[in-house]
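Each remark here refers to the structure printed beneath this line.
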2 protein chains.
Amino acid sequence: MQDIIEILKEHNIAPSMQRVKILEYLQNNRIHPTADIIYQALMDEIPTLSKTTVYNTLNAFIEKGILVALSLFENEVRYEYNTDPHIHFKCSICGKIYDLDKSYDLYKDDFIDGHKVTEHHVNLKGICKNCVKPTTRSTQRLPEIAKRKITKFHTLRS
Amino acid sequence: MQDIIEILKEHNIAPSMQRVKILEYLQNNRIHPTADIIYQALMDEIPTLSKTTVYNTLNAFIEKGILVALSLFENEVRYEYNTDPHIHFKCSICGKIYDLDKSYDLYKDDFIDGHKVTEHHVNLKGICKNCVKPTTRSTQRLPEIAKRKITKFHTLRS
DNA sequence: ACCCGACTTTGTAGTCATTACAAAAATGAG
DNA sequence: CTCATTTTTGTAATGACTACAAAGTCGGGT
């Protein structure tokens, strides 16, 4: 895609084959992949691909502002192409990460308590609509974690 | 402190010396330490302490709901005793993490878009009031990152 | 007090994600 | 084509965390 080459050039990154393929993958697969997922996915197309190249490329993209790195939960780094404001929801059952397009107005000012805010992340965790099994009305067949009554935040962590 | 032993018993954790010291440290040092920081800090008191014990203990505390593990930024796991809902702010200059007592009303309902929400994290990043050097009115002496004009989100909302 | 079984701690070794580094390959200007 | 620069690659190193088994600790029953 010519688009991708243009994007790379606009960000002062030489459009090598590896870089184009990695950015293309991230554009087409909005699944917040880890570096390893990207590596595995591109091994067929680029048999000589090195994991070092994936890391180098991702870090270059982040440096230039094309990507955002996420530290959501469980100490895993994931990368996403979408840099628009949105909220992340991670399912503790299936592990899938959802982008929620809910907007929020919190702290849209530059400073809070004297601190200058440059990044703002809202991360939710729970059980996604698929894993909650909406076919049954009762909670009988839900995983144990899904049945717990929520009493306060931060209590559940798998 | 007898308090700490009571807390452990209430959570069905046998109050061994190591566990008491680790919980005591977390109670007295609200600095969102890493496992290694805790280990380093207690080595004087408990010369035989093993890092495995620190990890085992922290995981047991999390399991029982005494602690919360945080994945804020930079892929580092930190632990905090305060399980009340609050917001985290990390300074990208000094690395210090601040608890902000701002309350927030977002998605305190159980479900959003059909997903059951059990955890809710708001993480801010920027430059803390100390590193912004409030003594100077101009931005001349600020670190480069502090001078950037915020143009797009993750920072602020339109 | 002793014994025994269960729990806890410890150290070592292993895993996994990420980075450091240097050699090999590709690229591009002259 | 040639040479210098950039990019990719593979290996080795780092660092956080876990698995596992041996050693230590503790408490109840006799």
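Identifiers in the structure tokens: chain A, B, ... in order shown; residue index from 1 per chain; ligand index from 1 in order shown.
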I need the residues in segment 1-145 of chain A that are strand (DSSP E or B) according to DSSP; give them as a VMD selection string.
chain A and resid 68 to 71 77 to 80 87 to 91 97 to 100 111 to 112 115 to 127
With a cut-off of 12 Å, could you pull out the residues of chain A touching chain C and give me the nearest pair of atoms for each, distance in Å to one decimal, using only C-alpha atoms (C1' of nucleotides), ordered by chain and ascending number, as CSV?
residue,atom,partner,partner_atom,distance
A:Ala14,CA,C:DT27,C1',10.4
A:Pro15,CA,C:DT27,C1',11.4
A:Ser16,CA,C:DT27,C1',9.7
A:Met17,CA,C:DA26,C1',11.0
A:Thr34,CA,C:DA17,C1',10.0
A:Ala35,CA,C:DA17,C1',9.1
A:Asp36,CA,C:DA17,C1',9.0
A:Thr48,CA,C:DA25,C1',11.8
A:Lys51,CA,C:DT18,C1',10.0
A:Thr52,CA,C:DT19,C1',8.7
A:Thr53,CA,C:DT19,C1',11.7
A:Val54,CA,C:DT18,C1',11.1
A:Tyr55,CA,C:DT18,C1',8.1
A:Asn56,CA,C:DT19,C1',9.7
A:Asn59,CA,C:DT18,C1',11.3
A:Asn75,CA,C:DA17,C1',10.2
A:Glu76,CA,C:DA17,C1',8.7
A:Val77,CA,C:DA17,C1',9.1
A:Arg78,CA,C:DA17,C1',11.7
If you take only C-alpha atoms and a cut-off of 6 Å, which residues of chain A touch chain B, and what are their nearest atom pairs and distances in Å to one decimal, in chain and number order, as JSON lines?
{"residue": "A:Ser71", "atom": "CA", "partner": "B:Phe73", "partner_atom": "CA", "distance": 5.4}
{"residue": "A:Phe73", "atom": "CA", "partner": "B:Ser71", "partner_atom": "CA", "distance": 5.4}
{"residue": "A:Asn75", "atom": "CA", "partner": "B:Asn75", "partner_atom": "CA", "distance": 5.3}
{"residue": "A:Pro85", "atom": "CA", "partner": "B:Phe153", "partner_atom": "CA", "distance": 5.7}
{"residue": "A:Lys108", "atom": "CA", "partner": "B:Leu156", "partner_atom": "CA", "distance": 4.3}
{"residue": "A:Gly114", "atom": "CA", "partner": "B:Lys129", "partner_atom": "CA", "distance": 4.8}
{"residue": "A:His115", "atom": "CA", "partner": "B:Cys128", "partner_atom": "CA", "distance": 4.2}
{"residue": "A:Lys116", "atom": "CA", "partner": "B:Ile127", "partner_atom": "CA", "distance": 5.0}
{"residue": "A:Val117", "atom": "CA", "partner": "B:Gly126", "partner_atom": "CA", "distance": 4.4}
{"residue": "A:Thr118", "atom": "CA", "partner": "B:Thr155", "partner_atom": "CA", "distance": 4.3}
{"residue": "A:Glu119", "atom": "CA", "partner": "B:Thr155", "partner_atom": "CA", "distance": 4.4}
{"residue": "A:His120", "atom": "CA", "partner": "B:Leu124", "partner_atom": "CA", "distance": 4.6}
{"residue": "A:His121", "atom": "CA", "partner": "B:Asn123", "partner_atom": "CA", "distance": 5.0}
{"residue": "A:Val122", "atom": "CA", "partner": "B:Val122", "partner_atom": "CA", "distance": 4.5}
{"residue": "A:Asn123", "atom": "CA", "partner": "B:His121", "partner_atom": "CA", "distance": 5.0}
{"residue": "A:Leu124", "atom": "CA", "partner": "B:His120", "partner_atom": "CA", "distance": 4.6}
{"residue": "A:Lys125", "atom": "CA", "partner": "B:Glu119", "partner_atom": "CA", "distance": 4.8}
{"residue": "A:Gly126", "atom": "CA", "partner": "B:Val117", "partner_atom": "CA", "distance": 4.4}
{"residue": "A:Ile127", "atom": "CA", "partner": "B:Lys116", "partner_atom": "CA", "distance": 5.0}
{"residue": "A:Cys128", "atom": "CA", "partner": "B:His115", "partner_atom": "CA", "distance": 4.2}
{"residue": "A:Lys129", "atom": "CA", "partner": "B:His115", "partner_atom": "CA", "distance": 4.6}
{"residue": "A:Phe153", "atom": "CA", "partner": "B:Glu119", "partner_atom": "CA", "distance": 5.5}
{"residue": "A:His154", "atom": "CA", "partner": "B:Glu119", "partner_atom": "CA", "distance": 5.0}
Can you spit out the residues from that selection as a short mmCIF file (atom, residue, chain, number, x, y, z; two decimals), in the first residue's frame, using C-alpha atoms?
data_model
loop_
_atom_site.label_atom_id
_atom_site.label_comp_id
_atom_site.auth_asym_id
_atom_site.auth_seq_id
_atom_site.Cartn_x
_atom_site.Cartn_y
_atom_site.Cartn_z
CA SER A 71 1.06 -1.47 29.58
CA PHE A 73 -2.22 -5.49 32.82
CA ASN A 75 3.08 -6.65 32.70
CA PRO A 85 -8.28 8.86 22.48
CA LYS A 108 -8.46 17.66 29.87
CA GLY A 114 0.59 21.13 39.61
CA HIS A 115 1.59 18.14 37.53
CA LYS A 116 1.72 18.58 33.76
CA VAL A 117 -0.26 15.80 32.15
CA THR A 118 0.96 14.51 28.81
CA GLU A 119 -0.56 11.05 28.68
CA HIS A 120 -3.88 9.81 29.88
CA HIS A 121 -4.84 6.15 29.99
CA VAL A 122 -8.05 4.56 31.13
CA ASN A 123 -7.88 0.80 31.44
CA LEU A 124 -10.78 -1.40 32.37
CA LYS A 125 -10.72 -5.08 33.11
CA GLY A 126 -13.48 -7.57 33.48
CA ILE A 127 -15.37 -10.15 31.49
CA CYS A 128 -16.30 -9.33 27.94
CA LYS A 129 -19.74 -9.78 26.53
CA PHE A 153 -12.58 -1.43 42.52
CA HIS A 154 -9.27 -3.18 42.15
#
Output as an MDAnalysis selection string the set of chain D residues within 10 Å of chain A, with distances taken over only C-alpha atoms (C1' of nucleotides).
chainID D and resid 6:10 16
Selected residues, N, CA, C and O atoms (P, O5', C5', C4', C3', O3' and C1' of nucleotides), written as a PDB file, in the first residue's frame, please.
ATOM      1  P    DT D   6      23.560   7.165   8.379  1.00  0.00           P
ATOM      2  O5'  DT D   6      22.563   5.979   7.979  1.00  0.00           O
ATOM      3  C5'  DT D   6      21.882   6.044   6.732  1.00  0.00           C
ATOM      4  C4'  DT D   6      21.119   4.764   6.507  1.00  0.00           C
ATOM      5  C3'  DT D   6      20.273   4.305   7.698  1.00  0.00           C
ATOM      6  O3'  DT D   6      18.988   3.979   7.214  1.00  0.00           O
ATOM      7  C1'  DT D   6      21.669   2.547   6.965  1.00  0.00           C
ATOM      8  P    DT D   7      17.813   3.533   8.203  1.00  0.00           P
ATOM      9  O5'  DT D   7      17.832   1.948   8.058  1.00  0.00           O
ATOM     10  C5'  DT D   7      17.687   1.369   6.765  1.00  0.00           C
ATOM     11  C4'  DT D   7      17.783  -0.134   6.871  1.00  0.00           C
ATOM     12  C3'  DT D   7      16.968  -0.745   8.015  1.00  0.00           C
ATOM     13  O3'  DT D   7      16.075  -1.696   7.451  1.00  0.00           O
ATOM     14  C1'  DT D   7      19.170  -1.613   7.984  1.00  0.00           C
ATOM     15  P    DT D   8      15.124  -2.569   8.376  1.00  0.00           P
ATOM     16  O5'  DT D   8      15.910  -3.959   8.449  1.00  0.00           O
ATOM     17  C5'  DT D   8      16.304  -4.579   7.247  1.00  0.00           C
ATOM     18  C4'  DT D   8      17.153  -5.799   7.571  1.00  0.00           C
ATOM     19  C3'  DT D   8      16.507  -6.774   8.557  1.00  0.00           C
ATOM     20  O3'  DT D   8      16.438  -8.047   7.931  1.00  0.00           O
ATOM     21  C1'  DT D   8      18.741  -6.273   9.193  1.00  0.00           C
ATOM     22  P    DT D   9      15.617  -9.204   8.615  1.00  0.00           P
ATOM     23  O5'  DT D   9      16.765 -10.029   9.331  1.00  0.00           O
ATOM     24  C5'  DT D   9      17.922 -10.417   8.586  1.00  0.00           C
ATOM     25  C4'  DT D   9      19.007 -10.920   9.516  1.00  0.00           C
ATOM     26  C3'  DT D   9      18.518 -11.858  10.617  1.00  0.00           C
ATOM     27  O3'  DT D   9      18.989 -13.160  10.344  1.00  0.00           O
ATOM     28  C1'  DT D   9      20.097 -10.252  11.434  1.00  0.00           C
ATOM     29  P    DG D  10      18.455 -14.396  11.155  1.00  0.00           P
ATOM     30  O5'  DG D  10      19.608 -14.614  12.232  1.00  0.00           O
ATOM     31  C5'  DG D  10      20.943 -14.768  11.782  1.00  0.00           C
ATOM     32  C4'  DG D  10      21.877 -14.875  12.975  1.00  0.00           C
ATOM     33  C3'  DG D  10      21.382 -15.821  14.075  1.00  0.00           C
ATOM     34  O3'  DG D  10      22.469 -16.649  14.465  1.00  0.00           O
ATOM     35  C1'  DG D  10      21.783 -13.648  14.973  1.00  0.00           C
ATOM     36  P    DA D  16      15.124  -6.231  37.228  1.00  0.00           P
ATOM     37  O5'  DA D  16      13.656  -6.835  37.130  1.00  0.00           O
ATOM     38  C5'  DA D  16      12.780  -6.376  36.109  1.00  0.00           C
ATOM     39  C4'  DA D  16      11.735  -7.429  35.851  1.00  0.00           C
ATOM     40  C3'  DA D  16      11.042  -7.946  37.115  1.00  0.00           C
ATOM     41  O3'  DA D  16       9.645  -8.019  36.873  1.00  0.00           O
ATOM     42  C1'  DA D  16      11.978  -9.754  35.926  1.00  0.00           C
TER      43       DA D  16
END
Figure out the distance between atom CA of Ile4 of chain A and atom CA of Glu24 of chain A, please, to one decimal in Å.
6.7 Å
Among segment 51-143 of chain A, which residues carry a DSSP assignment of alpha helix (DSSP H), reported as a PyMOL selection string?
chain A and resi 51-64
What is the distance, in Å and to one decimal place, between atom CA of Lys9 of chain A and atom CA of Gln40 of chain A?
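Atom-to-atom, atom CA of Lys9 of chain A and atom CA of Gln40 of chain A are spaced 25.9 Å apart.
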Point-to-point distance in Å for atom CA of Val20 of chain B and atom CA of Met43 of chain B:
14.2 Å
